[in-house]
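Participant: Dumping the structure here so I can ask a few things about it.
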Amino acid sequence: MNIKNKGLLKMILVGIVILVVGIIVINHTDSFLKIVMIAAGLGTFIDGLYTLNGTKKWKYTDTTKKLAMAKGIESIAIGVAAVLIAIFAADTALTVMVYIFAIGLVFSSVVAFQNAATAKKFGIEDMRSNFLVEGVITLLIAILLFFKPVDTLVKVVQVLAIGFIVVGGIMIVVGVIALFKKPDTVEVVVESAETVDDKKKD
């Protein structure tokens, strides 16, 4: 088997995996949300530790340092609560947890805007746009979660699942077509001996 065929088979297998994951997610959205909740909880917990550790290294104003420390402690608490609720609590607790996440996102956006406001003072003015984008995005997500907490998550997950199915299907079809496509024949023009002799004389 040549390298091209190996690459196509790999693409087909990856497409199958993506397709299967999409189908599983769209048929078991609730279970997937719990997995996402656990992953988000772990991520939030790690982010909290990182933020608290950062307060020892970075320069802050008193206000910014207090906000950063509060954000770190809050993130750790939310992360632990998210993991425990996803594993042990009833499905109705998911709504409560989403609201808690939304509150955490609002607080994170406040910290991001505060960082943007003090960026020039600490010589990181080039980071101001990054802080502003982070603040706006987290605030918008929080607003969506406040209005339709679980519905928003379900729709996002379902859209992602459909995207997985489409992408996986395309990869499979393209890979199969390319794998079984006959290679283009290359016509080789063989010069006659007389023509070669003529060229040599010239």
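Going through the structure tokens in order, the chains are called A, B, and so on, while each chain numbers its residues from 1 and the ligands are numbered from 1 in the order shown.
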Using only C-alpha atoms, which residues sit within 9 Å of Val20 in chain A once same-chain residues fewer than 4 positions away are excluded, as a ChimeraX atom specification?

Facilitator: /A:15-16,24-25,164-165,168

Participant: Give me, as a tab-separated table, each residue of range 78-162 of chain A that comes within 12 Å of range 42-51 of chain A, together with its shortest interatomic pair and the distance in Å at one decimal, counting only C-alpha atoms, with rows ordered by chain and rising residue number.

Facilitator:
```
residue	atom	partner	partner_atom	distance
A:Ile78	CA	A:Thr44	CA	7.1
A:Gly79	CA	A:Phe45	CA	4.4
A:Val80	CA	A:Phe45	CA	6.7
A:Ala81	CA	A:Phe45	CA	9.6
A:Ala82	CA	A:Leu42	CA	8.2
A:Val83	CA	A:Leu42	CA	7.1
A:Leu84	CA	A:Leu42	CA	10.6
A:Ala86	CA	A:Leu42	CA	11.5
A:Ile100	CA	A:Thr44	CA	11.9
A:Phe101	CA	A:Thr44	CA	9.4
A:Gly104	CA	A:Thr44	CA	9.5
A:Leu105	CA	A:Thr44	CA	10.4
A:Ser108	CA	A:Gly48	CA	10.8
A:Val111	CA	A:Thr51	CA	11.1
```

Participant: Store the residues picked out above, limited to C-alpha atoms, as an mmCIF file, in the first residue's frame.

Facilitator:
```cif
data_model
loop_
_atom_site.group_PDB
_atom_site.id
_atom_site.type_symbol
_atom_site.label_atom_id
_atom_site.label_comp_id
_atom_site.auth_asym_id
_atom_site.auth_seq_id
_atom_site.Cartn_x
_atom_site.Cartn_y
_atom_site.Cartn_z
ATOM 1 C CA ILE A 78 -17.174 26.608 40.859
ATOM 2 C CA GLY A 79 -14.914 23.959 39.348
ATOM 3 C CA VAL A 80 -15.242 21.637 42.330
ATOM 4 C CA ALA A 81 -19.010 22.208 42.540
ATOM 5 C CA ALA A 82 -19.472 21.545 38.807
ATOM 6 C CA VAL A 83 -17.667 18.209 38.944
ATOM 7 C CA LEU A 84 -19.510 17.046 42.085
ATOM 8 C CA ALA A 86 -22.387 16.510 37.391
ATOM 9 C CA ILE A 100 -23.417 29.614 38.652
ATOM 10 C CA PHE A 101 -21.197 29.336 35.575
ATOM 11 C CA GLY A 104 -18.610 33.285 37.103
ATOM 12 C CA LEU A 105 -18.399 34.427 33.478
ATOM 13 C CA SER A 108 -14.439 37.065 34.642
ATOM 14 C CA VAL A 111 -11.714 41.254 35.618
#
```

Participant: Calculate how many Å separate CA of Leu8 in chain A from CA of Gly175 in chain A, rounding to one decimal.

Facilitator: 5.3 Å

Participant: Find the spatial neighbours of Asn130 in chain A, counting only C-alpha atoms, within a cut-off of 10 Å - ignore same-chain residues fewer than 5 positions away - and output them as a ChimeraX atom specification.

Facilitator: /A:112-113,115-116,125,135

Participant: So which one's closest to Ser109 in chain A, A:Lys10, A:Lys56, A:Lys71, A:Lys65? Using only C-alpha atoms, please.

Facilitator: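 Of A:Lys10, A:Lys56, A:Lys71, A:Lys65, the one nearest Ser109 in chain A is A:Lys71, counting only C-alpha atoms.
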
Participant: Could you check the closest approach to Ile143 in chain A for each of A:Phe131, A:Gly163, A:Ile23, A:Tyr99 and tell me which residue wins, using only C-alpha atoms?

Facilitator: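 When distances to Ile143 in chain A are compared using only C-alpha atoms, the smallest one comes from A:Tyr99.
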
Participant: Excluding Leu13 in chain A and any residue of its chain fewer than 4 positions from it, enumerate the residues within 12 Å of it, using only C-alpha atoms, and give them as a PDB file with C-alpha atoms, in the first residue's frame.

Facilitator:
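Result saved to out_8.pdb:
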```pdb
ATOM      1  CA  LYS A   6      -2.473   5.063   3.698  1.00  0.00           C
ATOM      2  CA  GLY A   7      -3.287   8.754   4.034  1.00  0.00           C
ATOM      3  CA  LEU A   8      -6.721   8.256   2.473  1.00  0.00           C
ATOM      4  CA  LEU A   9      -7.489   5.303   4.759  1.00  0.00           C
ATOM      5  CA  VAL A  17     -14.835   8.385  14.281  1.00  0.00           C
ATOM      6  CA  ILE A  18     -16.058  11.986  13.922  1.00  0.00           C
ATOM      7  CA  LEU A  19     -19.339  10.794  12.377  1.00  0.00           C
ATOM      8  CA  VAL A  20     -19.939   8.251  15.157  1.00  0.00           C
ATOM      9  CA  GLY A 168     -17.231  13.170   9.167  1.00  0.00           C
ATOM     10  CA  GLY A 169     -19.511  12.273   6.262  1.00  0.00           C
ATOM     11  CA  MET A 171     -14.277  13.079   4.930  1.00  0.00           C
ATOM     12  CA  ILE A 172     -15.551   9.542   4.378  1.00  0.00           C
ATOM     13  CA  VAL A 173     -17.053  10.275   0.949  1.00  0.00           C
ATOM     14  CA  VAL A 174     -14.033  12.228  -0.301  1.00  0.00           C
ATOM     15  CA  GLY A 175     -11.638   9.572   1.025  1.00  0.00           C
ATOM     16  CA  VAL A 176     -13.554   6.667  -0.550  1.00  0.00           C
TER      17      VAL A 176
END
```
